[in-house]
>>> print(open('data-v4.tsv').read())   # TSV, C-alpha atoms (C1' of nucleotides)
chain	number	residue	atom	x	y	z
G	29	MET	CA	108.45	213.91	-13.25
G	30	ASN	CA	109.27	214.32	-9.56
G	31	ASP	CA	109.87	211.30	-7.35
G	32	THR	CA	107.95	210.44	-4.24
G	33	THR	CA	111.16	209.38	-2.55
G	34	PRO	CA	113.69	211.99	-1.54
G	35	ALA	CA	116.70	209.94	-2.59
G	36	ALA	CA	115.26	209.65	-6.09
G	37	ARG	CA	117.83	207.55	-7.95
G	38	THR	CA	118.37	204.82	-5.39
G	39	ALA	CA	115.16	202.85	-5.52
G	40	ALA	CA	115.77	200.67	-2.49
G	41	PRO	CA	115.86	201.83	1.11
G	42	PRO	CA	117.49	198.92	2.93
G	43	ARG	CA	115.59	197.37	5.77
G	44	MET	CA	116.95	195.82	8.94
G	45	THR	CA	115.66	192.32	9.51
G	46	ARG	CA	116.43	189.54	11.91
G	47	GLN	CA	117.92	187.54	9.06
G	48	ARG	CA	120.33	190.19	7.88
G	49	ALA	CA	121.44	190.84	11.42
G	50	ALA	CA	122.02	187.13	11.94
G	51	VAL	CA	124.18	186.76	8.84
G	52	ALA	CA	126.17	189.88	9.62
G	53	ASP	CA	126.61	188.66	13.15
G	54	ALA	CA	127.83	185.25	12.09
G	55	LEU	CA	130.42	186.92	9.91
G	56	GLY	CA	131.50	189.24	12.67
G	57	ASP	CA	132.48	186.35	14.88
G	58	THR	CA	135.32	184.89	12.96
G	59	ASP	CA	138.48	185.56	11.02
G	60	GLU	CA	137.83	182.57	8.81
G	61	PHE	CA	136.46	182.56	5.32
G	62	ARG	CA	133.16	180.74	5.27
G	63	SER	CA	130.95	179.46	2.50
G	64	ALA	CA	127.30	180.43	2.23
G	65	GLN	CA	126.33	176.89	3.10
G	66	GLN	CA	128.56	176.82	6.16
G	67	LEU	CA	127.02	180.04	7.40
G	68	HIS	CA	123.55	178.72	6.69
G	69	GLU	CA	124.31	175.63	8.74
G	70	LEU	CA	125.98	177.63	11.49
G	71	LEU	CA	122.94	179.85	11.88
G	72	ARG	CA	120.62	176.90	11.89
G	73	SER	CA	122.61	175.18	14.62
G	74	ARG	CA	122.61	178.37	16.63
G	75	GLY	CA	118.87	178.39	16.63
G	76	ASP	CA	118.14	181.42	14.50
G	77	ALA	CA	117.71	179.79	11.16
G	78	VAL	CA	117.79	181.76	7.94
G	79	GLY	CA	116.75	180.48	4.54
G	80	LEU	CA	119.60	179.48	2.30
G	81	ALA	CA	118.46	181.82	-0.44
G	82	THR	CA	118.46	184.65	2.04
G	83	VAL	CA	121.97	183.83	3.15
G	84	TYR	CA	123.12	184.00	-0.46
G	85	ARG	CA	121.26	187.23	-1.09
G	86	THR	CA	122.55	188.87	2.04
G	87	LEU	CA	126.12	187.87	1.36
G	88	GLN	CA	125.87	189.22	-2.13
G	89	THR	CA	124.52	192.51	-0.87
G	90	LEU	CA	127.24	192.76	1.73
G	91	ALA	CA	129.86	191.95	-0.86
G	92	ASP	CA	128.52	194.55	-3.27
G	93	GLY	CA	128.68	197.13	-0.55
G	94	GLY	CA	132.26	196.19	0.24
G	95	ASP	CA	131.33	195.05	3.72
G	96	VAL	CA	132.65	191.55	3.19
G	97	ASP	CA	135.39	190.09	1.05
G	98	VAL	CA	134.68	187.26	-1.33
G	99	LEU	CA	137.07	184.80	-2.79
G	100	ARG	CA	136.86	181.50	-4.57
G	101	SER	CA	138.16	178.39	-2.93
G	102	GLU	CA	140.37	176.14	-4.98
G	103	ASP	CA	137.35	174.12	-5.98
G	104	GLY	CA	135.26	177.07	-7.01
G	105	GLU	CA	133.11	177.70	-3.98
G	106	SER	CA	132.58	181.30	-2.91
G	107	LEU	CA	133.94	182.13	0.54
G	108	TYR	CA	133.06	185.17	2.57
G	109	ARG	CA	134.65	187.00	5.44
G	110	ARG	CA	134.43	190.38	7.09
G	111	CYS	CA	137.85	191.94	6.91
G	112	ALA	CA	139.31	194.53	9.21
G	113	ARG	CA	140.05	197.01	6.45
G	114	ARG	CA	137.94	197.99	3.52
G	115	GLU	CA	140.82	199.01	1.33
G	116	HIS	CA	142.06	196.66	-1.34
G	117	HIS	CA	144.20	193.88	0.03
G	118	HIS	CA	144.99	190.22	-0.42
G	119	HIS	CA	144.81	187.13	1.74
G	120	LEU	CA	146.81	184.24	2.99
G	121	VAL	CA	144.16	181.60	3.54
G	122	CYS	CA	144.27	178.22	5.22
G	123	ARG	CA	143.05	175.55	2.85
G	124	ALA	CA	141.75	173.47	5.71
G	125	CYS	CA	139.94	175.83	8.05
G	126	GLY	CA	139.61	179.05	6.07
G	127	ARG	CA	141.48	181.14	8.61
G	128	ALA	CA	142.96	184.11	6.83
G	129	VAL	CA	145.50	186.83	7.26
G	130	GLU	CA	145.22	190.10	5.40
G	131	ILE	CA	148.33	190.90	3.46
G	132	ASP	CA	149.65	193.53	1.12
G	133	GLY	CA	151.13	192.83	-2.24
G	134	PRO	CA	153.51	195.73	-2.10
G	135	THR	CA	154.45	195.95	-5.74
G	136	VAL	CA	151.56	194.01	-7.19
G	137	GLU	CA	149.26	196.93	-7.90
G	138	GLN	CA	151.73	198.86	-9.94
G	139	TRP	CA	153.17	195.78	-11.57
G	140	SER	CA	149.81	194.55	-12.81
G	141	ALA	CA	148.91	197.92	-14.25
G	142	SER	CA	152.17	198.22	-16.14
G	143	VAL	CA	152.12	194.66	-17.44
G	144	GLY	CA	148.58	195.20	-18.63
G	145	ALA	CA	149.43	198.41	-20.40
G	146	ALA	CA	152.51	196.89	-21.98
G	147	HIS	CA	150.31	194.34	-23.74
G	148	GLY	CA	147.56	196.74	-24.69
G	149	PHE	CA	145.07	195.50	-22.15
G	150	ALA	CA	142.71	197.88	-20.35
G	151	ASP	CA	140.61	197.71	-17.20
G	152	ILE	CA	143.17	195.56	-15.47
G	153	GLU	CA	142.17	193.68	-12.37
G	154	HIS	CA	144.22	191.15	-10.54
G	155	THR	CA	143.63	188.09	-8.47
G	156	VAL	CA	146.32	187.47	-5.91
G	157	GLU	CA	145.63	184.99	-3.17
G	158	LEU	CA	147.94	182.80	-1.14
G	159	TRP	CA	146.89	179.37	0.05
G	160	GLY	CA	148.54	177.27	2.69
G	161	THR	CA	147.99	175.19	5.77
G	162	CYS	CA	148.01	177.09	9.04
G	163	ALA	CA	149.93	175.92	12.08
G	164	ALA	CA	146.82	174.88	13.98
G	165	CYS	CA	145.56	172.72	11.14
G	166	ARG	CA	148.93	171.11	10.70
G	167	ALA	CA	148.92	170.19	14.38
G	168	THR	CA	145.50	168.61	14.05
G	169	ASP	CA	146.65	166.76	11.00
G	170	ASP	CA	149.70	165.35	12.72
G	171	ARG	CA	147.65	164.16	15.62
G	172	ALA	CA	145.43	162.26	13.21
G	173	ASN	CA	148.35	160.30	11.76
B	20	MET	CA	154.36	138.32	-7.23
B	21	ASN	CA	155.50	139.36	-10.72
B	22	ASP	CA	153.31	141.46	-12.95
B	23	THR	CA	152.14	140.61	-16.40
B	24	THR	CA	152.85	144.17	-17.49
B	25	PRO	CA	156.42	145.37	-17.76
B	26	ALA	CA	155.68	148.84	-16.32
B	27	ALA	CA	154.24	147.22	-13.19
B	28	ARG	CA	153.34	150.18	-10.96
B	29	THR	CA	151.61	152.41	-13.52
B	30	ALA	CA	148.42	150.56	-14.22
B	31	ALA	CA	147.35	152.57	-17.25
B	32	PRO	CA	149.06	152.57	-20.62
B	33	PRO	CA	147.57	155.59	-22.37
B	34	ARG	CA	145.93	154.98	-25.69
B	35	MET	CA	145.76	157.32	-28.64
B	36	THR	CA	142.24	157.83	-29.86
B	37	ARG	CA	140.59	160.09	-32.38
B	38	GLN	CA	138.91	161.98	-29.53
B	39	ARG	CA	142.06	162.73	-27.60
B	40	ALA	CA	143.80	163.84	-30.73
B	41	ALA	CA	140.89	166.10	-31.58
B	42	VAL	CA	140.89	167.81	-28.20
B	43	ALA	CA	144.65	168.24	-28.19
B	44	ASP	CA	144.45	169.61	-31.71
B	45	ALA	CA	141.75	172.11	-30.83
B	46	LEU	CA	143.91	173.37	-28.00
B	47	GLY	CA	146.95	173.62	-30.20
B	48	ASP	CA	145.25	176.05	-32.51
B	49	THR	CA	144.82	178.99	-30.27
B	50	ASP	CA	146.38	181.26	-27.70
B	51	GLU	CA	143.04	181.76	-26.02
B	52	PHE	CA	141.76	180.14	-22.89
B	53	ARG	CA	138.72	178.05	-23.70
B	54	SER	CA	136.11	176.36	-21.59
B	55	ALA	CA	135.35	172.68	-21.91
B	56	GLN	CA	131.98	173.52	-23.38
B	57	GLN	CA	133.47	175.87	-25.94
B	58	LEU	CA	135.89	173.19	-27.04
B	59	HIS	CA	133.10	170.67	-27.20
B	60	GLU	CA	131.09	172.98	-29.42
B	61	LEU	CA	134.12	173.86	-31.54
B	62	LEU	CA	134.84	170.21	-32.22
B	63	ARG	CA	131.23	169.52	-33.06
B	64	SER	CA	131.12	172.39	-35.54
B	65	ARG	CA	134.34	171.17	-37.10
B	66	GLY	CA	132.76	167.86	-37.85
B	67	ASP	CA	134.67	165.61	-35.53
B	68	ALA	CA	132.40	165.56	-32.54
B	69	VAL	CA	133.54	164.35	-29.15
B	70	GLY	CA	131.30	163.62	-26.21
B	71	LEU	CA	131.20	166.33	-23.57
B	72	ALA	CA	132.24	163.93	-20.83
B	73	THR	CA	135.23	162.90	-22.89
B	74	VAL	CA	136.23	166.51	-23.40
B	75	TYR	CA	136.17	167.03	-19.67
B	76	ARG	CA	138.10	163.84	-19.02
B	77	THR	CA	140.71	164.59	-21.62
B	78	LEU	CA	141.22	168.12	-20.39
B	79	GLN	CA	141.64	166.88	-16.86
B	80	THR	CA	144.21	164.34	-17.97
B	81	LEU	CA	146.10	166.93	-19.94
B	82	ALA	CA	146.00	169.32	-17.02
B	83	ASP	CA	147.24	166.68	-14.61
B	84	GLY	CA	150.11	165.96	-16.91
B	85	GLY	CA	150.98	169.62	-17.09
B	86	ASP	CA	150.25	169.75	-20.80
B	87	VAL	CA	147.62	172.44	-20.46
B	88	ASP	CA	147.11	175.27	-18.04
B	89	VAL	CA	143.83	175.66	-16.19
B	90	LEU	CA	142.39	178.72	-14.60
B	91	ARG	CA	139.04	179.80	-13.32
B	92	SER	CA	137.15	182.57	-15.06
B	93	GLU	CA	135.73	185.31	-12.90
B	94	ASP	CA	132.45	183.45	-12.77
B	95	GLY	CA	133.94	180.14	-11.82
B	96	GLU	CA	134.18	178.30	-15.12
B	97	SER	CA	137.35	176.33	-15.78
B	98	LEU	CA	139.35	177.55	-18.76
B	99	TYR	CA	142.06	175.63	-20.54
B	100	ARG	CA	144.92	176.52	-22.80
B	101	ARG	CA	148.14	175.00	-24.05
B	102	CYS	CA	150.94	177.29	-23.02
B	103	ALA	CA	154.30	177.69	-24.67
B	104	ARG	CA	156.24	176.89	-21.55
B	105	ARG	CA	155.64	174.24	-18.98
B	106	GLU	CA	157.39	176.06	-16.16
B	107	HIS	CA	155.31	177.90	-13.60
B	108	HIS	CA	154.03	181.22	-14.87
B	109	HIS	CA	151.06	183.53	-14.72
B	110	HIS	CA	148.66	185.02	-17.25
B	111	LEU	CA	147.21	188.24	-18.43
B	112	VAL	CA	143.86	187.16	-19.79
B	113	CYS	CA	141.25	188.99	-21.81
B	114	ARG	CA	137.91	188.85	-20.05
B	115	ALA	CA	136.08	188.99	-23.36
B	116	CYS	CA	137.85	186.57	-25.68
B	117	GLY	CA	140.15	184.59	-23.43
B	118	ARG	CA	143.29	185.58	-25.30
B	119	ALA	CA	146.20	185.35	-22.91
B	120	VAL	CA	149.77	186.42	-22.51
B	121	GLU	CA	152.17	184.47	-20.35
B	122	ILE	CA	153.83	186.64	-17.77
B	123	ASP	CA	156.27	186.34	-14.92
B	124	GLY	CA	155.63	187.58	-11.45
B	125	PRO	CA	159.24	188.41	-10.79
B	126	THR	CA	159.13	188.70	-7.04
B	127	VAL	CA	155.91	186.83	-6.41
B	128	GLU	CA	157.37	183.40	-5.83
B	129	GLN	CA	159.74	184.48	-3.13
B	130	TRP	CA	157.32	186.94	-1.64
B	131	SER	CA	154.56	184.38	-1.22
B	132	ALA	CA	156.89	181.89	0.39
B	133	SER	CA	158.17	184.39	2.91
B	134	VAL	CA	154.75	185.78	3.74
B	135	GLY	CA	153.50	182.27	4.28
B	136	ALA	CA	156.36	181.35	6.56
B	137	ALA	CA	156.00	184.57	8.53
B	138	HIS	CA	152.49	183.57	9.49
B	139	GLY	CA	153.26	179.95	10.18
B	140	PHE	CA	151.60	178.60	7.06
B	141	ALA	CA	153.04	175.67	5.14
B	142	ASP	CA	152.60	174.27	1.63
B	143	ILE	CA	152.10	177.72	0.21
B	144	GLU	CA	150.61	178.07	-3.23
B	145	HIS	CA	149.60	181.25	-4.92
B	146	THR	CA	147.03	182.35	-7.41
B	147	VAL	CA	148.15	185.31	-9.46
B	148	GLU	CA	146.18	186.13	-12.55
B	149	LEU	CA	145.62	189.40	-14.36
B	150	TRP	CA	142.37	190.17	-16.13
B	151	GLY	CA	141.75	192.91	-18.65
B	152	THR	CA	140.26	193.71	-22.01
B	153	CYS	CA	142.58	193.25	-24.96
B	154	ALA	CA	142.98	195.84	-27.69
B	155	ALA	CA	141.10	193.79	-30.26
B	156	CYS	CA	138.09	193.32	-28.02
B	157	ARG	CA	138.02	196.99	-27.13
B	158	ALA	CA	137.92	197.83	-30.82
B	159	THR	CA	135.00	195.46	-31.35
B	160	ASP	CA	133.28	196.95	-28.38
B	161	ASP	CA	133.65	200.49	-29.63
B	162	ARG	CA	132.25	199.57	-33.00
B	163	ALA	CA	129.19	198.16	-31.30
B	164	ASN	CA	128.45	201.45	-29.56
T	21	DG	C1'	144.15	139.34	-41.67
T	22	DG	C1'	141.07	138.04	-37.41
T	23	DC	C1'	140.88	137.58	-31.93
T	24	DT	C1'	140.82	139.26	-27.59
T	25	DG	C1'	141.00	142.02	-23.57
T	26	DT	C1'	141.26	146.26	-21.54
T	27	DG	C1'	141.33	151.22	-21.74
T	28	DT	C1'	137.93	154.52	-23.78
T	29	DT	C1'	133.73	156.53	-25.18
T	30	DG	C1'	129.17	158.82	-24.91
T	31	DA	C1'	124.32	159.43	-23.68
T	32	DC	C1'	122.28	160.34	-19.67
T	33	DA	C1'	121.63	160.73	-14.83
T	34	DA	C1'	123.31	162.63	-10.77
T	35	DC	C1'	125.58	166.28	-8.19
T	36	DC	C1'	126.37	170.63	-6.12
T	37	DG	C1'	126.66	175.43	-5.60
T	38	DT	C1'	123.97	179.14	-6.81
T	39	DT	C1'	120.02	181.82	-8.59
T	40	DC	C1'	115.09	182.35	-9.63
T	41	DT	C1'	110.09	182.36	-8.49
T	42	DC	C1'	106.32	183.95	-6.10
T	43	DA	C1'	103.05	183.90	-2.42
T	44	DA	C1'	103.30	184.89	2.46
T	45	DC	C1'	105.39	187.95	5.59
T	46	DT	C1'	107.07	192.15	8.08
T	47	DA	C1'	109.83	196.53	8.75
T	48	DT	C1'	108.65	201.15	8.24
T	49	DC	C1'	105.90	205.20	7.51
T	50	DT	C1'	101.60	207.69	8.28
X	20	DA	C1'	96.07	200.23	13.22
X	21	DG	C1'	96.53	200.28	8.23
X	22	DA	C1'	98.84	200.67	3.94
X	23	DT	C1'	102.98	200.03	1.11
X	24	DA	C1'	106.77	197.99	-0.56
X	25	DG	C1'	110.98	195.57	0.56
X	26	DT	C1'	112.10	190.77	2.35
X	27	DT	C1'	111.78	186.00	3.18
X	28	DG	C1'	111.84	180.94	2.26
X	29	DA	C1'	110.55	176.48	0.16
X	30	DG	C1'	111.23	174.54	-3.78
X	31	DA	C1'	112.09	174.58	-8.67
X	32	DA	C1'	115.39	175.71	-12.05
X	33	DC	C1'	119.99	176.37	-13.74
X	34	DG	C1'	124.77	175.57	-15.36
X	35	DG	C1'	129.06	173.49	-14.95
X	36	DT	C1'	131.01	169.26	-13.83
X	37	DT	C1'	131.41	164.36	-12.57
X	38	DG	C1'	129.65	159.55	-12.26
X	39	DT	C1'	127.53	155.38	-14.53
X	40	DC	C1'	127.81	151.59	-17.46
X	41	DA	C1'	127.04	149.12	-21.69
X	42	DA	C1'	128.87	149.54	-26.33
X	43	DC	C1'	133.12	150.38	-28.54
X	44	DA	C1'	137.90	150.43	-30.58
X	45	DC	C1'	143.00	150.66	-29.90
X	46	DA	C1'	147.03	147.48	-29.38
X	47	DG	C1'	149.23	143.40	-28.99
X	48	DC	C1'	148.96	138.57	-30.31
X	49	DC	C1'	147.93	134.58	-33.23
>>> encode(input="data-v4.tsv", output="structure tokens")
Amino acid sequence: MNDTTPAARTAAPPRMTRQRAAVADALGDTDEFRSAQQLHELLRSRGDAVGLATVYRTLQTLADGGDVDVLRSEDGESLYRRCARREHHHHLVCRACGRAVEIDGPTVEQWSASVGAAHGFADIEHTVELWGTCAACRATDDRAN
Amino acid sequence: MNDTTPAARTAAPPRMTRQRAAVADALGDTDEFRSAQQLHELLRSRGDAVGLATVYRTLQTLADGGDVDVLRSEDGESLYRRCARREHHHHLVCRACGRAVEIDGPTVEQWSASVGAAHGFADIEHTVELWGTCAACRATDDRAN
DNA sequence: GGCTGTGTTGACAACCGTTCTCAACTATCT
DNA sequence: AGATAGTTGAGAACGGTTGTCAACACAGCC
């Protein structure tokens, strides 16, 4: 009943590949939330192409490990970004370019827990995201008009 | 330059049909958020079937008119429900059954506006939803174990 | 009541983001 | 170098949603 691997339970020793490095690198560059498809395209245009499926897989892995934050755009697309801090936080995101600022919802955590309890709900999670148009994008917009 | 219709600008006089009534009725029944597909199935099983496309269209119309609230489930599906109040509010939603309670985020409105302004963002909107498991669903769950 | 004309419907195709499949590939260990 | 097992990628499949368009049915009119 003894395992051949020392780590026993965890079946998968992760492996460093060009593709994973490329995706991680692309995320490291920016403070903007990016979709899987955008990243796929970005990598392709950079010259080190990575299969779309691999981009999705890698992002999912990174997200599971807490290395990147995921959120859903207003039309349901998943957006990814590497945030400065790993602790729970929220975002103020630009609808147009994806640029984001990490913010705290000071009272949100406690509030959500107590509201949940008050109504007999358990395992409370909360979604708190702010959307807006950043100054840079507004400038671009004005110029276009 | 005069129109044949009295209302001029608004090109579309809405028309009451069996289908629209059925969808509205199905929404009136419950305090649970339901997906378009669930409603479609519900109507079919009730005997007064409505085409899936029509369900989607009707829900969209109702949502645009502020007659139903829409939110995205954790896996991206759109969920609809007729809420008691039309004013802006948030929800505490059961992950399992969709049952929802309308809640206020007392300080959220002001907070989001000021955070947005502080970072030079305009047209701020916020997404604030609470997810949990309601008492009834926990009971069902326990019984299953 | 019947006519008529325009908003509405529904079966089906198309779309789009995402996940699955599986044979070829390659990082890693020996 | 060779063996092993995790990884990749092209393309198919999937699931929710929207578009298409000919048949249909409300609503006003005769």
>>> interface_residues(input="data-v4.tsv", of="chain B", to="chain G", cutoff="9 Å", atoms="all atoms listed in the file", output="PyMOL selection string")
chain B and resi 91+95-96+111-113+120+122+124+126-127+130-131+134-135+138-154+157
>>> write_last_selection(input="data-v4.tsv", atoms="C-alpha atoms", output="mmCIF file, keeping the file's coordinate frame")
data_model
loop_
_atom_site.group_PDB
_atom_site.id
_atom_site.type_symbol
_atom_site.label_atom_id
_atom_site.label_comp_id
_atom_site.auth_asym_id
_atom_site.auth_seq_id
_atom_site.Cartn_x
_atom_site.Cartn_y
_atom_site.Cartn_z
ATOM 1 C CA ARG B 91 139.040 179.800 -13.320
ATOM 2 C CA GLY B 95 133.940 180.140 -11.820
ATOM 3 C CA GLU B 96 134.180 178.300 -15.120
ATOM 4 C CA LEU B 111 147.210 188.240 -18.430
ATOM 5 C CA VAL B 112 143.860 187.160 -19.790
ATOM 6 C CA CYS B 113 141.250 188.990 -21.810
ATOM 7 C CA VAL B 120 149.770 186.420 -22.510
ATOM 8 C CA ILE B 122 153.830 186.640 -17.770
ATOM 9 C CA GLY B 124 155.630 187.580 -11.450
ATOM 10 C CA THR B 126 159.130 188.700 -7.040
ATOM 11 C CA VAL B 127 155.910 186.830 -6.410
ATOM 12 C CA TRP B 130 157.320 186.940 -1.640
ATOM 13 C CA SER B 131 154.560 184.380 -1.220
ATOM 14 C CA VAL B 134 154.750 185.780 3.740
ATOM 15 C CA GLY B 135 153.500 182.270 4.280
ATOM 16 C CA HIS B 138 152.490 183.570 9.490
ATOM 17 C CA GLY B 139 153.260 179.950 10.180
ATOM 18 C CA PHE B 140 151.600 178.600 7.060
ATOM 19 C CA ALA B 141 153.040 175.670 5.140
ATOM 20 C CA ASP B 142 152.600 174.270 1.630
ATOM 21 C CA ILE B 143 152.100 177.720 0.210
ATOM 22 C CA GLU B 144 150.610 178.070 -3.230
ATOM 23 C CA HIS B 145 149.600 181.250 -4.920
ATOM 24 C CA THR B 146 147.030 182.350 -7.410
ATOM 25 C CA VAL B 147 148.150 185.310 -9.460
ATOM 26 C CA GLU B 148 146.180 186.130 -12.550
ATOM 27 C CA LEU B 149 145.620 189.400 -14.360
ATOM 28 C CA TRP B 150 142.370 190.170 -16.130
ATOM 29 C CA GLY B 151 141.750 192.910 -18.650
ATOM 30 C CA THR B 152 140.260 193.710 -22.010
ATOM 31 C CA CYS B 153 142.580 193.250 -24.960
ATOM 32 C CA ALA B 154 142.980 195.840 -27.690
ATOM 33 C CA ARG B 157 138.020 196.990 -27.130
#
>>> closest_atom_pairs(input="data-v4.tsv", of="chain X", to="chain B", cutoff="10 Å", atoms="only C-alpha atoms (C1' of nucleotides)", output="CSV")
residue,atom,partner,partner_atom,distance
X:DG34,C1',B:Glu96,CA,9.8
X:DG35,C1',B:Glu96,CA,7.0
X:DT36,C1',B:Tyr75,CA,8.1
X:DT37,C1',B:Ala72,CA,8.3
X:DG38,C1',B:Ala72,CA,10.0
X:DA44,C1',B:Thr36,CA,8.6
X:DC45,C1',B:Arg34,CA,6.7
X:DA46,C1',B:Arg34,CA,8.4
>>> interface_residues(input="data-v4.tsv", of="chain T", to="chain B", cutoff="8 Å", atoms="all atoms listed in the file", output="short mmCIF file (atom, residue, chain, number, x, y, z; two decimals) with C-alpha atoms (C1' of nucleotides), in the frame of the given file")
data_model
loop_
_atom_site.label_atom_id
_atom_site.label_comp_id
_atom_site.auth_asym_id
_atom_site.auth_seq_id
_atom_site.Cartn_x
_atom_site.Cartn_y
_atom_site.Cartn_z
"C1'" DG T 27 141.33 151.22 -21.74
"C1'" DT T 29 133.73 156.53 -25.18
"C1'" DG T 30 129.17 158.82 -24.91
#
>>> atom_distance(input="data-v4.tsv", atom1="atom CA of B:Ala82", atom2="atom CA of B:Ala43")
11.3 Å
